[in-house]
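As provided, data.txt (compact mmCIF, C-alpha atoms and all ligand atoms) reads as follows.
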# COMPACT_ATOMS: atom_id res chain seq x y z
CA MET A 16 61.79 90.45 156.02
CA ASN A 17 60.16 87.17 155.00
CA PRO A 18 62.91 84.55 154.36
CA SER A 19 60.60 82.30 152.37
CA ALA A 20 59.81 85.18 149.97
CA ASP A 21 63.58 85.66 149.50
CA ALA A 22 64.03 81.99 148.72
CA THR A 23 61.41 82.10 145.95
CA GLN A 24 63.08 85.10 144.33
CA PRO A 25 66.86 84.55 144.35
CA LEU A 26 68.98 87.57 143.47
CA ALA A 27 70.51 85.89 140.42
CA GLN A 28 67.14 85.60 138.71
CA SER A 29 66.12 89.19 139.31
CA VAL A 30 69.30 90.75 137.83
CA GLN A 31 69.51 91.06 134.05
CA PRO A 32 73.03 90.57 132.68
CA ASP A 33 74.40 93.99 131.79
CA PRO A 34 76.09 93.79 128.35
CA ILE A 35 78.40 96.69 129.18
CA ALA A 36 79.55 94.89 132.35
CA GLU A 37 80.10 91.70 130.32
CA ARG A 38 82.14 93.68 127.82
CA PHE A 39 84.09 95.32 130.65
CA HIS A 40 85.08 91.97 132.14
CA PHE A 41 86.24 90.69 128.75
CA LEU A 42 88.01 93.94 127.92
CA VAL A 43 90.12 94.10 131.08
CA ASN A 44 91.35 90.55 130.49
CA ALA A 45 91.72 90.99 126.73
CA PRO A 46 95.42 91.98 126.58
CA ALA A 47 96.37 88.63 128.20
CA LEU A 48 93.86 86.67 126.15
CA PHE A 49 94.99 88.39 122.92
CA ASN A 50 98.54 87.18 123.56
CA ALA A 51 97.29 83.67 124.38
CA VAL A 52 95.51 83.54 121.00
CA VAL A 53 98.70 84.70 119.25
CA THR A 54 100.71 82.03 121.08
CA ALA A 55 98.19 79.39 119.98
CA LEU A 56 98.65 80.71 116.42
CA GLU A 57 102.44 80.55 116.73
CA TRP A 58 102.15 76.95 117.97
CA ASP A 59 99.79 76.16 115.04
CA VAL A 60 97.09 74.90 117.41
CA PHE A 61 94.20 76.12 115.21
CA ALA A 62 95.72 74.70 112.00
CA PHE A 63 96.37 71.36 113.75
CA LEU A 64 92.77 71.17 115.02
CA ALA A 65 91.47 72.01 111.55
CA ASP A 66 93.27 68.87 110.32
CA HIS A 67 92.62 66.84 113.49
CA PRO A 68 89.26 67.89 114.92
CA GLY A 69 88.66 66.25 118.29
CA ALA A 70 92.37 65.89 119.11
CA SER A 71 93.18 64.92 122.68
CA PHE A 72 95.40 66.90 125.06
CA GLU A 73 98.18 64.32 124.56
CA GLU A 74 97.96 64.66 120.77
CA LEU A 75 98.19 68.45 121.08
CA ARG A 76 101.13 68.09 123.45
CA ASN A 77 102.96 65.78 121.07
CA PHE A 78 102.30 68.17 118.21
CA THR A 79 103.34 71.38 119.98
CA GLY A 80 106.19 69.82 121.97
CA VAL A 81 105.68 72.28 124.84
CA PRO A 82 105.55 71.35 128.55
CA ALA A 83 102.19 69.80 129.53
CA HIS A 84 101.51 72.43 132.19
CA SER A 85 102.16 75.31 129.77
CA LEU A 86 99.79 73.78 127.24
CA ARG A 87 97.13 73.30 129.94
CA VAL A 88 97.36 76.98 130.91
CA LEU A 89 97.26 78.15 127.29
CA LEU A 90 94.35 75.93 126.23
CA HIS A 91 92.31 77.05 129.23
CA ALA A 92 92.92 80.71 128.29
CA VAL A 93 91.92 80.20 124.66
CA CYS A 94 88.85 78.14 125.65
CA THR A 95 87.63 81.09 127.76
CA THR A 96 87.49 83.21 124.59
CA GLY A 97 85.21 80.67 122.91
CA LEU A 98 87.67 80.21 120.04
CA LEU A 99 88.45 76.67 121.22
CA GLU A 100 85.96 74.21 122.61
CA ARG A 101 86.85 71.41 125.06
CA ARG A 102 84.14 68.75 125.03
CA GLU A 103 83.11 66.49 127.90
CA ASP A 104 85.28 63.67 126.55
CA GLY A 105 88.31 65.99 126.83
CA THR A 106 88.74 66.47 123.06
CA TYR A 107 89.49 69.89 121.55
CA HIS A 108 87.74 71.56 118.59
CA ASN A 109 88.05 74.87 116.76
CA ALA A 110 85.03 77.14 117.03
CA ARG A 111 83.65 78.10 113.61
CA VAL A 112 85.33 81.53 113.81
CA ALA A 113 88.71 79.96 114.69
CA GLU A 114 88.34 77.55 111.79
CA GLU A 115 87.60 80.43 109.42
CA PHE A 116 89.90 83.19 110.78
CA LEU A 117 92.80 81.46 112.53
CA ALA A 118 93.44 78.10 110.88
CA PRO A 119 94.24 79.31 107.31
CA ASP A 120 97.70 80.51 106.35
CA GLY A 121 97.00 82.49 103.13
CA PRO A 122 98.17 86.07 102.48
CA ASP A 123 94.98 87.47 104.08
CA SER A 124 95.27 85.33 107.21
CA TRP A 125 94.58 86.89 110.59
CA ARG A 126 97.79 85.20 111.78
CA HIS A 127 99.81 87.80 109.80
CA ILE A 128 97.63 90.65 111.07
CA LEU A 129 97.89 89.63 114.71
CA ALA A 130 101.65 89.02 114.45
CA GLY A 131 102.05 92.68 113.43
CA TRP A 132 99.79 93.88 116.23
CA LYS A 133 101.73 91.83 118.79
CA GLU A 134 105.18 92.89 117.57
CA ILE A 135 104.54 96.53 116.70
CA TYR A 136 101.20 98.01 117.79
CA TYR A 137 100.52 96.66 121.23
CA PRO A 138 103.97 97.23 122.81
CA ALA A 139 103.52 100.90 121.80
CA PHE A 140 100.16 101.22 123.56
CA ALA A 141 101.92 100.90 126.94
CA HIS A 142 103.04 104.52 126.24
CA MET A 143 99.52 105.81 125.57
CA SER A 144 99.08 108.26 128.48
CA GLU A 145 102.53 109.75 127.94
CA ALA A 146 102.12 110.06 124.16
CA LEU A 147 98.58 111.45 124.14
CA GLY A 148 99.46 113.75 127.05
CA ALA A 149 102.44 115.14 125.14
CA GLY A 150 100.63 115.17 121.77
CA LYS A 151 103.60 113.28 120.29
CA ASN A 152 104.27 109.72 119.11
CA THR A 153 106.72 109.08 121.97
CA ALA A 154 106.50 105.27 121.46
CA LEU A 155 108.53 105.78 118.27
CA ALA A 156 111.66 106.02 120.47
CA ALA A 157 111.69 102.20 120.59
CA HIS A 158 112.45 102.14 116.84
CA GLU A 159 115.91 102.89 115.44
CA GLY A 160 116.48 106.11 113.49
CA ASP A 161 115.56 109.78 113.78
CA GLU A 162 112.81 110.04 111.17
CA PRO A 163 109.42 111.37 112.34
CA THR A 164 107.26 108.39 111.32
CA LEU A 165 107.25 104.65 111.93
CA TYR A 166 107.06 103.97 108.17
CA GLN A 167 110.42 105.65 107.62
CA ARG A 168 112.09 104.19 110.73
CA LEU A 169 111.13 100.63 109.81
CA SER A 170 113.58 100.86 106.91
CA HIS A 171 116.35 100.39 109.54
CA ASN A 172 114.87 97.02 110.53
CA PRO A 173 114.04 95.03 107.38
CA ALA A 174 112.79 91.97 109.33
CA LEU A 175 110.28 94.07 111.30
CA GLU A 176 109.38 96.06 108.16
CA ALA A 177 108.47 92.77 106.47
CA VAL A 178 106.28 91.75 109.47
CA PHE A 179 104.60 95.18 109.35
CA HIS A 180 103.82 95.07 105.63
CA ARG A 181 102.68 91.43 105.75
CA SER A 182 100.30 92.41 108.56
CA MET A 183 99.08 95.55 106.78
CA SER A 184 98.66 93.79 103.46
CA ALA A 185 96.67 90.95 105.10
CA PHE A 186 94.33 93.47 106.71
CA THR A 187 94.04 95.45 103.50
CA LEU A 188 92.97 92.24 101.74
CA LYS A 189 90.03 91.99 104.18
CA SER A 190 88.52 95.19 102.84
CA LEU A 191 89.90 95.05 99.32
CA ASP A 192 87.29 92.99 97.46
CA ALA A 193 84.69 95.70 97.98
CA LEU A 194 87.05 98.41 96.71
CA VAL A 195 88.20 96.40 93.70
CA GLU A 196 84.59 95.69 92.67
CA CYS A 197 83.69 99.40 92.72
CA GLU A 198 82.46 100.29 89.22
CA GLU A 199 84.38 103.58 89.29
CA PHE A 200 87.66 101.73 88.65
CA ALA A 201 86.37 100.15 85.42
CA THR A 202 87.05 103.42 83.57
CA VAL A 203 90.46 104.20 85.10
CA ARG A 204 93.37 103.74 82.67
CA HIS A 205 96.34 104.86 84.70
CA LEU A 206 96.15 105.01 88.46
CA LEU A 207 98.66 106.57 90.84
CA ASP A 208 98.54 104.57 94.10
CA VAL A 209 100.09 106.98 96.59
CA GLY A 210 101.54 105.21 99.66
CA GLY A 211 100.64 101.98 97.90
CA GLY A 212 102.81 99.88 100.24
CA ASP A 213 103.84 96.47 98.94
CA GLY A 214 101.54 96.85 95.93
CA THR A 215 98.77 94.54 97.18
CA THR A 216 95.97 96.97 96.28
CA SER A 217 97.33 97.87 92.83
CA VAL A 218 97.91 94.23 91.88
CA ARG A 219 94.34 93.34 92.86
CA LEU A 220 92.92 96.34 90.96
CA ALA A 221 94.96 95.53 87.84
CA THR A 222 93.93 91.87 88.03
CA ARG A 223 90.24 92.79 88.25
CA HIS A 224 90.36 95.58 85.62
CA PRO A 225 92.43 94.47 82.60
CA ASN A 226 92.66 98.02 81.16
CA LEU A 227 94.03 99.51 84.35
CA SER A 228 97.74 100.18 84.93
CA SER A 229 99.05 101.48 88.23
CA THR A 230 102.09 103.29 89.54
CA VAL A 231 102.78 102.52 93.20
CA PHE A 232 104.44 105.45 94.94
CA ASP A 233 106.08 104.67 98.30
CA ILE A 234 109.29 105.17 100.22
CA PRO A 235 112.33 103.43 98.67
CA SER A 236 112.65 100.57 101.22
CA VAL A 237 108.96 99.72 100.74
CA SER A 238 109.34 99.84 96.94
CA GLU A 239 112.12 97.26 97.31
CA LEU A 240 109.77 95.07 99.34
CA ALA A 241 107.07 95.54 96.72
CA ALA A 242 109.52 94.55 93.96
CA ARG A 243 110.13 91.24 95.76
CA ASN A 244 106.41 90.64 96.45
CA SER A 245 104.79 91.83 93.26
CA ALA A 246 102.70 89.23 91.54
CA ARG A 247 103.78 88.79 87.96
CA GLU A 248 100.28 87.91 86.72
CA VAL A 249 99.68 91.59 85.92
CA GLY A 250 102.91 91.84 83.90
CA ASP A 251 104.24 95.38 83.78
CA ARG A 252 100.85 96.96 84.47
CA VAL A 253 101.96 97.62 88.07
CA ARG A 254 105.09 99.77 88.25
CA LEU A 255 106.97 101.14 91.23
CA HIS A 256 107.95 104.76 91.85
CA PRO A 257 110.09 105.22 94.98
CA GLY A 258 109.97 108.62 96.66
CA ASP A 259 108.71 110.74 99.51
CA LEU A 260 105.14 111.87 99.00
CA PHE A 261 105.77 115.31 100.52
CA VAL A 262 109.17 115.95 98.96
CA ASP A 263 109.05 114.40 95.49
CA PRO A 264 106.71 115.33 92.65
CA PHE A 265 103.86 112.94 91.82
CA PRO A 266 104.32 111.24 88.45
CA SER A 267 102.13 112.76 85.74
CA GLY A 268 100.17 111.06 82.95
CA VAL A 269 97.62 109.51 85.31
CA ASP A 270 93.84 109.82 85.20
CA ALA A 271 93.15 108.83 88.82
CA VAL A 272 94.93 109.03 92.17
CA LEU A 273 94.25 106.60 94.99
CA PHE A 274 95.08 107.21 98.65
CA SER A 275 94.32 103.92 100.40
CA HIS A 276 94.94 103.95 104.16
CA VAL A 277 97.33 106.86 103.75
CA LEU A 278 95.66 110.23 104.42
CA GLU A 279 94.60 109.19 107.93
CA ILE A 280 98.30 109.26 108.93
CA PHE A 281 98.46 113.04 108.54
CA SER A 282 96.96 116.35 109.71
CA GLY A 283 94.18 118.20 107.89
CA GLU A 284 96.70 120.73 106.46
CA GLN A 285 98.97 117.97 105.14
CA ILE A 286 95.98 116.09 103.71
CA THR A 287 94.83 119.21 101.86
CA GLU A 288 98.39 119.65 100.53
CA LEU A 289 98.50 116.03 99.28
CA LEU A 290 95.05 116.31 97.68
CA ALA A 291 96.11 119.56 95.95
CA LYS A 292 99.24 117.75 94.69
CA ALA A 293 97.02 114.98 93.31
CA HIS A 294 94.74 117.59 91.74
CA SER A 295 97.74 119.23 90.00
CA VAL A 296 98.76 116.04 88.13
CA LEU A 297 95.23 115.07 87.05
CA PRO A 298 93.56 116.15 83.80
CA SER A 299 90.08 117.65 83.81
CA GLY A 300 87.69 114.78 84.61
CA GLY A 301 90.42 112.93 86.56
CA ARG A 302 89.34 111.44 89.86
CA VAL A 303 90.74 111.14 93.36
CA PHE A 304 89.85 108.12 95.53
CA ILE A 305 90.27 108.22 99.29
CA TYR A 306 89.81 104.79 100.85
CA GLY A 307 90.12 103.94 104.52
CA TYR A 308 88.55 103.89 107.94
CA ASN A 309 85.85 106.46 108.62
CA VAL A 310 84.87 107.02 112.22
CA SER A 311 81.08 107.36 112.65
CA ASP A 312 79.80 110.91 112.20
CA ASP A 313 79.09 111.27 115.93
CA GLU A 314 82.60 109.93 116.70
CA THR A 315 81.36 107.34 119.20
CA ARG A 316 81.60 104.04 117.33
CA GLY A 317 84.11 101.86 115.49
CA TRP A 318 86.60 99.65 117.37
CA TYR A 319 88.89 99.33 114.35
CA SER A 320 88.88 103.06 113.72
CA ALA A 321 89.57 103.75 117.39
CA ARG A 322 92.53 101.35 117.46
CA LEU A 323 93.94 102.89 114.29
CA SER A 324 93.64 106.46 115.59
CA LEU A 325 95.41 105.50 118.83
CA TYR A 326 98.19 103.68 116.94
CA LEU A 327 98.76 106.69 114.66
CA ASN A 328 99.02 109.13 117.55
CA VAL A 329 101.01 106.99 119.98
CA LEU A 330 103.42 105.43 117.49
CA ALA A 331 103.12 105.92 113.73
CA SER A 332 103.03 109.67 113.09
CA GLY A 333 101.89 111.46 116.26
CA GLN A 334 98.87 112.87 114.42
CA GLY A 335 95.99 111.90 112.15
CA MET A 336 93.01 109.68 112.87
CA ALA A 337 90.28 107.68 111.18
CA TYR A 338 88.60 110.96 110.20
CA PRO A 339 84.85 111.05 109.50
CA ALA A 340 83.97 111.10 105.80
CA ARG A 341 82.78 114.72 106.00
CA ASP A 342 86.34 115.86 106.84
CA TYR A 343 87.77 114.18 103.74
CA GLU A 344 84.97 115.66 101.63
CA GLU A 345 85.76 119.14 102.93
CA TRP A 346 89.52 118.79 102.27
CA ALA A 347 88.86 117.41 98.76
CA ARG A 348 86.68 120.43 97.94
CA ARG A 349 89.32 122.77 99.34
CA ALA A 350 91.91 121.13 97.07
CA GLY A 351 89.73 121.95 94.04
CA PHE A 352 87.76 118.73 93.48
CA GLY A 353 84.07 118.80 92.55
CA SER A 354 81.24 116.22 92.68
CA VAL A 355 82.66 115.07 95.99
CA ARG A 356 80.79 112.16 97.55
CA THR A 357 81.39 109.19 99.84
CA LEU A 358 80.32 105.60 99.28
CA THR A 359 79.66 103.99 102.66
CA GLY A 360 79.01 100.52 104.03
CA TYR A 361 82.40 99.03 103.16
CA PRO A 362 83.73 96.32 105.49
CA TYR A 363 85.70 97.17 108.63
CA GLU A 364 84.26 100.67 109.00
CA HIS A 365 85.63 101.75 105.60
CA GLY A 366 84.40 104.43 103.25
CA LEU A 367 85.40 105.56 99.74
CA THR A 368 85.38 109.31 99.11
CA ILE A 369 85.55 110.29 95.43
CA GLY A 370 86.15 113.69 93.86
CA THR A 371 86.45 114.79 90.24
CA LYS A 372 88.68 117.55 88.87
CA PRO A 373 86.35 119.99 87.05
C1 LIG A 401 99.02 102.27 106.15
S1 LIG A 401 100.09 101.99 104.80
C2 LIG A 401 98.94 101.78 103.45
C3 LIG A 401 99.45 100.86 102.38
C4 LIG A 401 98.48 100.54 101.26
N1 LIG A 401 98.08 101.74 100.54
C5 LIG A 401 97.26 99.80 101.80
O1 LIG A 401 96.15 100.29 101.68
O2 LIG A 401 97.47 98.70 102.35
C6 LIG A 401 100.74 103.60 104.51
C7 LIG A 401 101.79 103.62 103.46
O3 LIG A 401 102.20 104.98 103.27
C8 LIG A 401 103.61 104.97 103.07
N2 LIG A 401 104.17 106.26 103.45
C9 LIG A 401 104.13 106.86 104.67
N3 LIG A 401 104.80 108.03 104.63
C10 LIG A 401 105.29 108.17 103.36
C11 LIG A 401 106.06 109.16 102.71
N4 LIG A 401 106.48 110.25 103.36
N5 LIG A 401 106.35 108.97 101.41
C12 LIG A 401 105.94 107.86 100.73
N6 LIG A 401 105.19 106.90 101.30
C13 LIG A 401 104.87 107.04 102.61
C14 LIG A 401 104.09 103.87 104.00
O4 LIG A 401 105.39 103.41 103.67
C15 LIG A 401 103.02 102.81 103.85
O5 LIG A 401 103.32 101.88 102.84

Would you mind giving the structure from this file in structure tokens?
Ligand SMILES: C[S@@+](CC[C@H](N)C(=O)[O-])C[C@H]1O[C@@H](n2cnc3c(N)ncnc32)[C@H](O)[C@@H]1O
Amino acid sequence: MNPSADATQPLAQSVQPDPIAERFHFLVNAPALFNAVVTALEWDVFAFLADHPGASFEELRNFTGVPAHSLRVLLHAVCTTGLLERREDGTYHNARVAEEFLAPDGPDSWRHILAGWKEIYYPAFAHMSEALGAGKNTALAAHEGDEPTLYQRLSHNPALEAVFHRSMSAFTLKSLDALVECEEFATVRHLLDVGGGDGTTSVRLATRHPNLSSTVFDIPSVSELAARNSAREVGDRVRLHPGDLFVDPFPSGVDAVLFSHVLEIFSGEQITELLAKAHSVLPSGGRVFIYGYNVSDDETRGWYSARLSLYLNVLASGQGMAYPARDYEEWARRAGFGSVRTLTGYPYEHGLTIGTKP
């Protein structure tokens, strides 16, 4: 071996960085770094830096009031993610993404989304092997009650239920503009929003389409939450209808039924049953809208869809997934709908499947 030849061609230069290896190293540290980002959110670090770009360590310490060593450890962790930048002069700055995603405090803020993931989703994922192995949502045991789904059990814990719905509504708002702008809603007069949660989607649809009224159908404790949250700008065009979507009849007199982020909770048989129930209350020409995550057709892509499917099976219902659009199309046809089609390209791996009652 010629040592001088080695010296001219160091190993580091001959090895291309492997993006999968890079992703692996980030991924295995991500649970800790995720919690560090949430702590920085809880301490309002990103909001403070939005108002005080270039703040010093001492200024951040005075603002947060936490021990200097703890702050040092936390800031280092968040800097490794790239969300915070520490310049040579020791000042701290939000990265552009932190400024956009983490500093604001509005209803669609990531801070609400991540609070829900920290409090509810991620503790459950510690039970993943057990739950997937058993084919049951065994992580539900951590929540009071004996009902089969998380949605029902949260009614025993109003504080956590509020965190959950604030988180869900904030995430829904991320993908809602595209849905609300869909031309198909311009001709809807009376929508039934099945599993409509705190009413976020219906209020936005009614605000955008002045001739649209909506009935939000959800479990009674969520209807109470919706009654407290409902924006009054749409007057009485958004009404609430408490009930269980499998047990109680759907209200009639509607010309469209929306399932937004709802059908993925259930099995194919239950989905077909719910679509048939929607079909039975619609007039001829009435439409069904199925909005939510669609896994890619080859079922290999989509981080958000993957996380949702795992959450549903480990915790929420013990079944369901971010089904591919072709599954929803098939179930809609089986339930009696015609002209079934899916609009794709919505944000966060979303699709909108539409069917019309012949
Ligand atoms: C994932 S959230 C979707 C909320 C809203 N549609 C959205 O897109 O943000 C699912 C909703 O279905 C409701 N839900 C689940 N099971 C239900 C049942 N058996 N009866 C009525 N509503 C139910 C939950 O309470 C929850 O509000």

Gap from atom CA of Val262 of chain A to atom N6 of ligand LIG 401 (chain A) - Å, one decimal: 10.2 Å

Need to verify the contact set: Gly307 of chain A, 8 Å, only C-alpha atoms, exclusion of same-chain residues closer than 2 positions in sequence. Can you return it as a JSON list (two decimals) with C-alpha atoms, keeping the file's coordinate frame?
[["chain", "number", "residue", "atom", "x", "y", "z"],
["A", 275, "SER", "CA", 94.32, 103.92, 100.40],
["A", 276, "HIS", "CA", 94.94, 103.95, 104.16],
["A", 277, "VAL", "CA", 97.33, 106.86, 103.75],
["A", 279, "GLU", "CA", 94.60, 109.19, 107.93],
["A", 305, "ILE", "CA", 90.27, 108.22, 99.29],
["A", 309, "ASN", "CA", 85.85, 106.46, 108.62],
["A", 337, "ALA", "CA", 90.28, 107.68, 111.18],
["A", 365, "HIS", "CA", 85.63, 101.75, 105.60],
["A", 366, "GLY", "CA", 84.40, 104.43, 103.25],
["A", 367, "LEU", "CA", 85.40, 105.56, 99.74]]

Nearby residues (all atoms listed in the file) at most 10 Å from Gly97 of chain A, same-chain spacing under 3 positions excluded, as an MDAnalysis selection string: chainID A and resid 92:94 100:101 109:113

Residues near His171 of chain A, cut-off 9 Å, only C-alpha atoms, skip fewer than 2 positions along chain, as a list in words: His158, Glu159, Gly160, Gln167, Arg168, Leu169, Pro173, Leu175 and Glu176 of chain A

Write a file of the selected residues as a tab-separated table (two decimals), in the frame of the given file, keeping C-alpha atoms.
chain	number	residue	atom	x	y	z
A	158	HIS	CA	112.45	102.14	116.84
A	159	GLU	CA	115.91	102.89	115.44
A	160	GLY	CA	116.48	106.11	113.49
A	167	GLN	CA	110.42	105.65	107.62
A	168	ARG	CA	112.09	104.19	110.73
A	169	LEU	CA	111.13	100.63	109.81
A	173	PRO	CA	114.04	95.03	107.38
A	175	LEU	CA	110.28	94.07	111.30
A	176	GLU	CA	109.38	96.06	108.16

At a cut-off of 9 Å from (95.5, 79.3, 117.5) in the coordinates of the file, what residues are picked up using all atoms listed in the file, written as a CSV table (one decimal) with C-alpha atoms, in the coordinates of the input?
chain,number,residue,atom,x,y,z
A,51,ALA,CA,97.3,83.7,124.4
A,52,VAL,CA,95.5,83.5,121.0
A,53,VAL,CA,98.7,84.7,119.2
A,54,THR,CA,100.7,82.0,121.1
A,55,ALA,CA,98.2,79.4,120.0
A,56,LEU,CA,98.6,80.7,116.4
A,57,GLU,CA,102.4,80.6,116.7
A,58,TRP,CA,102.2,77.0,118.0
A,59,ASP,CA,99.8,76.2,115.0
A,60,VAL,CA,97.1,74.9,117.4
A,61,PHE,CA,94.2,76.1,115.2
A,62,ALA,CA,95.7,74.7,112.0
A,63,PHE,CA,96.4,71.4,113.8
A,64,LEU,CA,92.8,71.2,115.0
A,93,VAL,CA,91.9,80.2,124.7
A,98,LEU,CA,87.7,80.2,120.0
A,99,LEU,CA,88.4,76.7,121.2
A,109,ASN,CA,88.0,74.9,116.8
A,113,ALA,CA,88.7,80.0,114.7
A,117,LEU,CA,92.8,81.5,112.5
A,118,ALA,CA,93.4,78.1,110.9
A,126,ARG,CA,97.8,85.2,111.8

Shell of 12 Å around Glu73 of chain A, only C-alpha atoms, local chain residues under 3 positions omitted, as a PyMOL selection string: chain A and resi 69-70+76-84+86-87+105-107

Exercise answer, 8 Å around ligand LIG 401 (chain A) with all atoms listed in the file, as a PyMOL selection string: chain A and resi 164+166-167+180+183-184+186-188+208-216+232-234+237+257-262+274-277+280+306-307

Surrounding residues of Val355 of chain A excluding itself and chain neighbours under 2 positions, 8 Å, all atoms listed in the file, as number ranges by chain: A: 344, 347-348, 352-353, 357, 368-371

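The space separating atom CA of Leu89 of chain A from atom CA of Ile35 of chain A comes to 26.5 Å.
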
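Here atom CA of Arg302 of chain A stands at a distance of 6.2 Å from atom CA of Lys372 of chain A.
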
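Nearest to Val249 of chain A of all the residues A:Pro264, A:Pro225, A:Gly150, A:Pro235 is A:Pro225, based on all atoms listed in the file.
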
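Using all atoms listed in the file, the nearest neighbour of Tyr136 of chain A within the list A:Tyr326, A:Phe49, A:Phe41, A:Phe304 is A:Tyr326.
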
Which of A:Val269, A:Ala177, A:Ala350, A:Val303 sits closest to Gln285 of chain A [using all atoms listed in the file]: A:Ala350

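The closest residue to Leu289 of chain A, picked from A:Ala45, A:Gly351, A:Arg254, A:Ala331 and counting all atoms listed in the file, is A:Gly351.
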
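For the residues A:Ser228, A:Asn328, A:Thr287, A:Ser85, ranking by smallest atom-to-atom distance to Met143 of chain A using all atoms listed in the file places A:Asn328 first.
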
Hey, can I get the axis-aligned box for segment 173-181 of chain A? All listed atoms, 8 Å padding on each side, centre and edge lengths in Å to one decimal, as lines of an AutoDock Vina configuration file.
center_x = 108.4
center_y = 93.7
center_z = 108.5
size_x = 27.4
size_y = 20.6
size_z = 21.7

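Minimum atom-to-atom distance to Ala154 of chain A, evaluated using all atoms listed in the file, belongs to A:Ile135 out of A:Gln31, A:Ile135, A:His127, A:Arg252.
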